[in-house]
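Shown next, in structure tokens, is the structure this report addresses.
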Amino acid sequence: MTAQDEPRPALLAGVVGYVCTASGALKLDAAAPAALGWDDAPEALADLLERVFPPDREAFDAAIRAALAGGPPQPQVVRFRGSDGRLHHVRHVAQREGEVVHGALQNVDDVVSATSRGRFEVGVGFAVARGVDAILVEVNDAFVDAFRTSEANVVGRRLDSLFESSAAADAARALASAEASGHERFETTMVRADGEVFTALFDVIVPRNADQDVQRFVTVLDISDIRDREKTLRIYREIFDNLPFGVLMARLEDPSDPGQFRFIDGNTFVRTRWASHGGILGRTIAEAYPAMLDTQVPQMYLDALRTNEPQRLTGQPMGRRGEVFDLRVARVDADLVAVIYDEVSEREALLAELKRLNGELERSNAELADFAAVASHDIQAPLRSIVSFAQVVREELDGSLTDEVARHLGFIESSASRLRRLVTDLLEYAQVGKREAEFGEVDIEELLTQVRTDLSHEIAETGAVVEGRDLHVVVGDGPMLRQLLQNLIANAIKFHRDIPPRVEVRSEAGVDGWTMTVSDNGIGVPSDQLERVFGAFRRLHTVRRYPGSGIGLAVCKRIVEYHGGRIWMESTEGEGTRVRFSLARSAMDGHARARGA
């Protein structure tokens, strides 16, 4: 006998379902699969209980047991897994009639979809958790998407397993509070299936069923992007507030009147600068600066808005203390512009002072150079006389000079000669850069050939070898670079050991210019003296041992700096020295930077 053969209570009339015997065996009605939207044949559904969604199985069994015991009907909504794999919501009523229980199974998917299921179709993640352990029993697509997983991987899990470990304690407290109060909303961090942590707004409602079974209706809203945007906005605001110039946001309220730009926001510079004036935020140009209406500034705002082209104005007097500003106005929106007020009063004053000091320095340098030239001429004349008279005395008293007098005359002559050389070198040092430089291409190979000729006597006397390697054509002042190279090579020959000097000149091309190196195998320089040797009159040895004025490397330093480069020394005492200097690729630009232009 099928379910259709059993008499039906009036309550179940016209509703297909099943019949349960006193032994608990279920006989499925032939029309049940179609009524429930299943494609399976009745015989394939002989074991109906296997299709009940596991979390609902206990409630379904309890309703049948209650009916067998003669209890009143207990309508309930139970989920069944269909042949398509989807869960179908089914209204179930079990009622005893005689020795059997008639069970009505009515598909209510449409009803659920139109009511509570509607919450499952929105973009907010929605889930239902049941029992004291808050086991997830149903979730919507948005909930699954938020955790980047599938429904099967979520349903059956504890709700608290979805929280990040560091947030678990706070989440537990919030859930406990919800169970006590019925509702709780809090911001927390949760974990997706791939391990990514995200920020969520978690909302839980805990209604109480008649049987006191705890159910939780949960919504999860992923607000990671919102929080990221808020963080970005906070960073931008911090940058905005700490800019070293004023930034104002002005909105146009009347397109026909440029004076009706209202200042709606400003950074710290603006709020601090104009705080003593009563502030300008919230006021229009006409209200805050009526005098500005007679200037081109309001029209600049309007032009920036209409043309979408940034507008600029330099040296605009503003403020009540006579401050001077550079203004830049740029369109932000259809009626909004950003105005940058860069105060240049102090900068202009500093530039003017710097220009004045540079002028004084140039005049002072010119005066010193003129003084050096005059002093050199005036000093050298009596020095020549001293040397000449000493020679006359030697010649007139030739043969009658005692050894002591001859030695004294030698001291006079050598001292006068050293002084003449010192004056000449000092003049040379002072004149570096006084002559207008003629920058152009300079072939270092040709320059080295000229220097070898200039130093032919020293090279022959010491047996020195001076060679070049990988030499380039550089940009600079030819005579100055020749003097620079001659001074460095002369030093390398002079400070030699008891072996013939070997000097190598090499150049390296770089992105910004050249680096040149003059290497030798001489006596070297102590490491604590590598900077000191470039100072004027800085000597490391006595004049008797190594003659000279001690100004050659100082001249080299001035020449390199005149070209916008730098010079330095690398040395191993007792083994040799490498003097290196840089030359800018654009020597004129380097020269301008060196002079502070």
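In the structure tokens, chains take the letters A, B, ... in the order shown, each chain's residues start at 1, and ligands count up from 1 in the order shown.
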
Discussion item. Residues within 8 Å of stretch 121-138 of chain A, please, as a PyMOL selection string. Count only C-alpha atoms; anything in the same chain fewer than 3 positions from it doesn't count.
Written reply: chain A and resi 55+117-118+141-144+146+154-160+213-221

Discussion item. For the structure I just gave you, how does DSSP split stretch 134-287 of chain A - specifically, which residues are helix (DSSP H, G or I)? Reply as a PyMOL selection string.
Written reply: chain A and resi 141-146+151-154+159-162+165-181+224-241+258-260+268-273+275-277+285-287

Practice prompt. Do a neighbour search on A:Gly195 at 10 Å with only C-alpha atoms, toss out local chain neighbours closer than 5 positions, and write the hits as a ChimeraX atom specification.
Written response: /A:147-148,164,190

Discussion item. Among stretch 68-257 of chain A, which ones does DSSP assign to strand (DSSP E or B) (computed from the backbone)? Answer as number ranges by chain.
Written reply: A: 76-81, 87-97, 100-107, 125-130, 135-139, 158, 163, 183-191, 197-205, 208, 214-222, 246-252

Need to verify the contact set: stretch 496-501 of chain A, 7 Å, only C-alpha atoms, exclusion of same-chain residues closer than 4 positions in sequence. Can you return it as a tab-separated table (two decimals) with N, CA, C and O atoms, in the first residue's frame?
chain	number	residue	atom	x	y	z
A	462	THR	N	115.37	62.32	-13.24
A	462	THR	CA	114.98	61.23	-12.32
A	462	THR	C	114.79	59.90	-13.03
A	462	THR	O	114.60	58.87	-12.38
A	463	GLY	N	114.83	59.90	-14.36
A	463	GLY	CA	114.56	58.67	-15.10
A	463	GLY	C	113.11	58.26	-15.04
A	463	GLY	O	112.78	57.07	-15.13
A	464	ALA	N	112.21	59.24	-14.86
A	464	ALA	CA	110.79	58.96	-14.68
A	464	ALA	C	110.15	58.45	-15.98
A	464	ALA	O	110.58	58.79	-17.09
A	465	VAL	N	109.12	57.65	-15.83
A	465	VAL	CA	108.29	57.20	-16.94
A	465	VAL	C	106.88	57.74	-16.69
A	465	VAL	O	106.27	57.46	-15.66
A	492	ALA	N	104.23	63.98	-8.39
A	492	ALA	CA	104.48	62.54	-8.43
A	492	ALA	C	105.95	62.24	-8.70
A	492	ALA	O	106.52	61.27	-8.15
A	520	ASP	N	101.18	57.12	-8.84
A	520	ASP	CA	102.64	57.05	-8.83
A	520	ASP	C	103.10	55.95	-7.89
A	520	ASP	O	102.28	55.36	-7.17
A	521	ASN	N	104.38	55.67	-7.91
A	521	ASN	CA	104.99	54.66	-7.04
A	521	ASN	C	105.91	55.31	-6.02
A	521	ASN	O	106.93	54.75	-5.64
A	522	GLY	N	105.51	56.51	-5.57
A	522	GLY	CA	106.38	57.31	-4.71
A	522	GLY	C	106.28	56.96	-3.24
A	522	GLY	O	105.90	55.85	-2.85
A	523	ILE	N	106.60	57.95	-2.41
A	523	ILE	CA	106.73	57.71	-0.97
A	523	ILE	C	105.38	57.59	-0.26
A	523	ILE	O	105.31	57.10	0.86

Item to complete: Just the residues within 9 Å of stretch 198-202 of chain A, please, counting only C-alpha atoms, with nothing from its chain fewer than 2 positions along; format it as a PyMOL selection string.
Response: chain A and resi 164+184-192+196+204+218-225+227

Response to the item:
Across A:Leu530, A:Ala168, A:Ala104, A:Ile444, the smallest distance to A:Leu485, with only C-alpha atoms counted, is shown by A:Ile444

Worksheet item: Of the residues A:Leu488, A:Ala338, A:Val270, A:Val475, which is the one nearest to A:Leu302, using only C-alpha atoms?
Response: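 Distance minimum relative to A:Leu302 lands on A:Ala338.
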
Practice prompt. Have a look at A:Glu404, A:Ala62, A:Val19, A:Asp265 and name the one nearest to A:Gly98; count only C-alpha atoms.
Written response: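 The shortest atom-to-atom distance to A:Gly98 comes from A:Val19.
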
Discussion item. Give me the residues near A:Ser388 as a ChimeraX atom specification, where near means some atom within 12 Å (using only C-alpha atoms) and where sequence neighbours in that chain fewer than 3 positions away do not count.
Written reply: /A:381-385,391-395,409,412-413,416-417

Please provide the set of residues having any atom within 8 Å of A:Gly282, restricted to only C-alpha atoms, with same-chain residues fewer than 4 positions apart removed, written as a short mmCIF file (atom, residue, chain, number, x, y, z; two decimals) with N, CA and C atoms, in the first residue's frame.
data_model
loop_
_atom_site.label_atom_id
_atom_site.label_comp_id
_atom_site.auth_asym_id
_atom_site.auth_seq_id
_atom_site.Cartn_x
_atom_site.Cartn_y
_atom_site.Cartn_z
N ARG A 262 34.06 80.06 -2.12
CA ARG A 262 34.07 79.90 -0.67
C ARG A 262 35.16 78.91 -0.27
N PHE A 263 35.99 79.29 0.69
CA PHE A 263 37.08 78.43 1.16
C PHE A 263 36.49 77.38 2.10
N ILE A 264 36.53 76.11 1.69
CA ILE A 264 35.86 75.06 2.46
C ILE A 264 36.83 74.19 3.25
N ASP A 265 38.11 74.23 2.91
CA ASP A 265 39.07 73.41 3.65
C ASP A 265 40.46 74.00 3.45
#
